[in-house]
Amino acid sequence: MNTFDQRLAPISFDGVQARVRAQMAEEGFDAFLTDHPEDIAYLTGFFHHPSERPVAIWIDADGRVVMLLPELEREYAESQQARAELVAFFEYPGVVAPFEVLAKAVAPRGRVGFASTMPYQRLDAARAAMGQADLVGSDMLSRVRYIKSPEEVVLHREAARVTDLMLDAGVQMVAQAVAAGGDLPTETELERHVTATGTGIMYAEHRNVVVASLLAGGLVYSGANSAFPHGLPSVNRLKAGDTFMLSLGCAVGGRFVEGERTFVLGEPTADQRRYHDTIHAAQQRGRETIRAGLECREANRLCLDVIREAGLGEFIRHRQGHGIGLGMHEAPWLEDGDATVLEAGMVVSNEPGIYVPGHAGYRISDSMLVTPTGAEPLTTYPRSLDDCTIAL
């Protein structure tokens with residue numbers, strides 16, 4: 001009980017910062033600046049609720065890691081043992097602008113990279129305060145985040161375990177309603193149940209629960225509503241014959257996992273079997289082909305070609321998958337336009353789907369840990385139609 005600690009040890013961030021500095025040296029940066037909440041958590045272990053008051057990290061080649069933050073966040077950062085020197089401003093916009101406070105502390109010079117995710121207003125403020133530096137946009141930090149450390153993989157594995165339990169809880173809720181002979185749950189009721197299951201497991205079994213942008217939850221939709229790839233749960237009540245989807249996930253220590261399965265309520269029709277078997281085969285192709293050394297665009301082609309060869313290409317609405325880490329969706333992208341080469345230590349989704357207007361959507365997703373010789377599905381809930389049929 002409460003044996004799994006979601007927070008990484010502060011000393012683990014020394015290795016993260018060393019990897020970032022090594023990449024800075026390779027790309028010719030004297031320092032790097034980012035205000036993205038995920039980057040800040042990645043570099044220092046500090047999770048926060050972003051607002052108009054900037055929080056930013058300055059990391060330089062000389063070994064300094066400085067966090068700019070509002071005074072009202074200082075004690076919160078200290079309580080999380082943020083691995084950085086704290087430099088605070090009192091309020092925003094302030095008599096002295098926040099980035100001027102940072103510039104005074106770090107004396108910026110040379111070639112300074114900034115995260116390409118920075119909003120224009122903040123970038124403009126940073127440029128005004130750091131006139132002696134050459135600020136250059138870069139996705140360097142995003143690329144460093146591709147490869148998960150062993151400590152991060154532990155968090156992803158635990159998130160996968162919880163996600164599998166959430167999927168099982170959703171199935172059990174429907175099966176129990178069928179057995180009771182009463183009303184089946186609505187999409188919204190089912191979504192609330194699986195979310196409560198995920199958060200309940202974490203609060204019961206974990207210490208130092210990190211509430212990131214999403215702790216647990218997902219999309220639950222049935223029938224024609226599931227033909228919208230990101231349709232929101234509604235008050236539609238499940239009924240006999242429905243195809244329904246549980247698109248679930250959670251974050252442990254801020255590290256995400258997603259697991260999605262498509263179910264049929266009652267004996268599948270020939271069309272339901274064809275659709276489900278096709279995405280099952282495509283998803284299986286993804287599990288067999290994702291590996292270090294393969295380009296993202298080639299992984300995407302190999303996977304989605306299964307759907308095209310089955311004559312269902314007209315129902316494809318999206319790529320095979322995407323990277324997962326401190327963000328549920330992050331680069332690299334398993335899509336025709338991304339030539340990024342997969343590397344061991346990446347975590348990516350493998351989630352081919354088809355969406356038949358007026359009928360339903362079919363999608364199966366696992367979060368995959370890329371290995372030197374292949375990929376390991378972190379989520380393991382059964383995938384076949386026989387396993388995903390709920391008898392009436």
# chains A, B, ... in the order shown; residues from 1 in each chain; ligands from 1
$ residues_around --residues "stretch 160-168 of chain A" --least-positions-apart "5" --cutoff "9 Å" --atoms "only C-alpha atoms" --output "number ranges by chain"
A: 155, 173, 193-199, 201-202, 216-217, 246-252, 256-261, 366-367, 378-381
$ atom_distance --atom1 "atom CA of A:Gln283" --atom2 "atom CA of A:Ala299"
11.1 Å
$ atom_distance --atom1 "atom CA of A:Arg207" --atom2 "atom CA of A:Leu141"
28.6 Å
$ atom_distance --atom1 "atom CA of A:Asn300" --atom2 "atom CA of A:Arg273"
23.4 Å
$ closest_residue --among "A:Ala31, A:Ala41, A:Leu68, A:Ala204" --to "A:Gly110" --atoms "only C-alpha atoms"
A:Ala31
$ closest_residue --among "A:Thr186, A:Thr262, A:Asn350, A:Gln81" --to "A:Arg237" --atoms "only C-alpha atoms"
A:Thr186
$ residues_around --residues "A:Ala310" --least-positions-apart "6" --cutoff "10 Å" --atoms "only C-alpha atoms" --output "list in words"
Arg274, Tyr275, Thr278, Ile279, Ala281 and Ala282 of chain A
$ write_last_selection --atoms "N, CA, C and O atoms" --output "PDB file, in the first residue's frame"
ATOM      1  N   ARG A 274     -15.395  -7.694 -39.818  1.00  0.00           N
ATOM      2  CA  ARG A 274     -14.434  -7.261 -40.832  1.00  0.00           C
ATOM      3  C   ARG A 274     -13.677  -6.016 -40.372  1.00  0.00           C
ATOM      4  O   ARG A 274     -12.444  -5.949 -40.479  1.00  0.00           O
ATOM      5  N   TYR A 275     -14.410  -5.039 -39.868  1.00  0.00           N
ATOM      6  CA  TYR A 275     -13.769  -3.798 -39.444  1.00  0.00           C
ATOM      7  C   TYR A 275     -12.793  -4.050 -38.288  1.00  0.00           C
ATOM      8  O   TYR A 275     -11.655  -3.566 -38.296  1.00  0.00           O
ATOM      9  N   THR A 278      -9.680  -6.059 -39.232  1.00  0.00           N
ATOM     10  CA  THR A 278      -8.743  -5.288 -40.053  1.00  0.00           C
ATOM     11  C   THR A 278      -7.858  -4.391 -39.193  1.00  0.00           C
ATOM     12  O   THR A 278      -6.633  -4.359 -39.382  1.00  0.00           O
ATOM     13  N   ILE A 279      -8.453  -3.675 -38.248  1.00  0.00           N
ATOM     14  CA  ILE A 279      -7.580  -2.823 -37.427  1.00  0.00           C
ATOM     15  C   ILE A 279      -6.732  -3.663 -36.474  1.00  0.00           C
ATOM     16  O   ILE A 279      -5.610  -3.277 -36.129  1.00  0.00           O
ATOM     17  N   ALA A 281      -5.381  -6.501 -37.300  1.00  0.00           N
ATOM     18  CA  ALA A 281      -4.251  -6.908 -38.136  1.00  0.00           C
ATOM     19  C   ALA A 281      -3.281  -5.750 -38.358  1.00  0.00           C
ATOM     20  O   ALA A 281      -2.054  -5.931 -38.343  1.00  0.00           O
ATOM     21  N   ALA A 282      -3.816  -4.548 -38.585  1.00  0.00           N
ATOM     22  CA  ALA A 282      -2.945  -3.380 -38.782  1.00  0.00           C
ATOM     23  C   ALA A 282      -2.151  -3.083 -37.516  1.00  0.00           C
ATOM     24  O   ALA A 282      -0.945  -2.783 -37.582  1.00  0.00           O
TER      25      ALA A 282
END
$ select_by_dssp --residues "stretch 135-351 of chain A" --states "helix (DSSP H, G or I)" --output "MDAnalysis selection string"
chainID A and resid 140:144 150:180 187:205 223:227 270:289 296:309 313:315
$ residues_around --residues "A:Asp277" --least-positions-apart "4" --cutoff "12 Å" --atoms "only C-alpha atoms" --output "ChimeraX atom specification"
/A:262-263,268-273,281-284,306-307,310,312,352-354,362-364,383-388
$ select_by_dssp --residues "stretch 84-310 of chain A" --states "strand (DSSP E)" --output "PyMOL selection string"
chain A and resi 85-89+110-115+133-138+206-207+216-222+243-252+255-265
$ residues_around --residues "A:Arg74" --least-positions-apart "5" --cutoff "8 Å" --atoms "only C-alpha atoms" --output "JSON, numbers by chain"
{"A": [69, 86, 88]}
$ write_last_selection --atoms "C-alpha atoms" --output "mmCIF file, in the first residue's frame"
data_model
loop_
_atom_site.group_PDB
_atom_site.id
_atom_site.type_symbol
_atom_site.label_atom_id
_atom_site.label_comp_id
_atom_site.auth_asym_id
_atom_site.auth_seq_id
_atom_site.Cartn_x
_atom_site.Cartn_y
_atom_site.Cartn_z
ATOM 1 C CA LEU A 69 9.216 31.975 -11.320
ATOM 2 C CA LEU A 86 15.350 29.851 -8.023
ATOM 3 C CA ALA A 88 11.734 35.058 -8.349
#
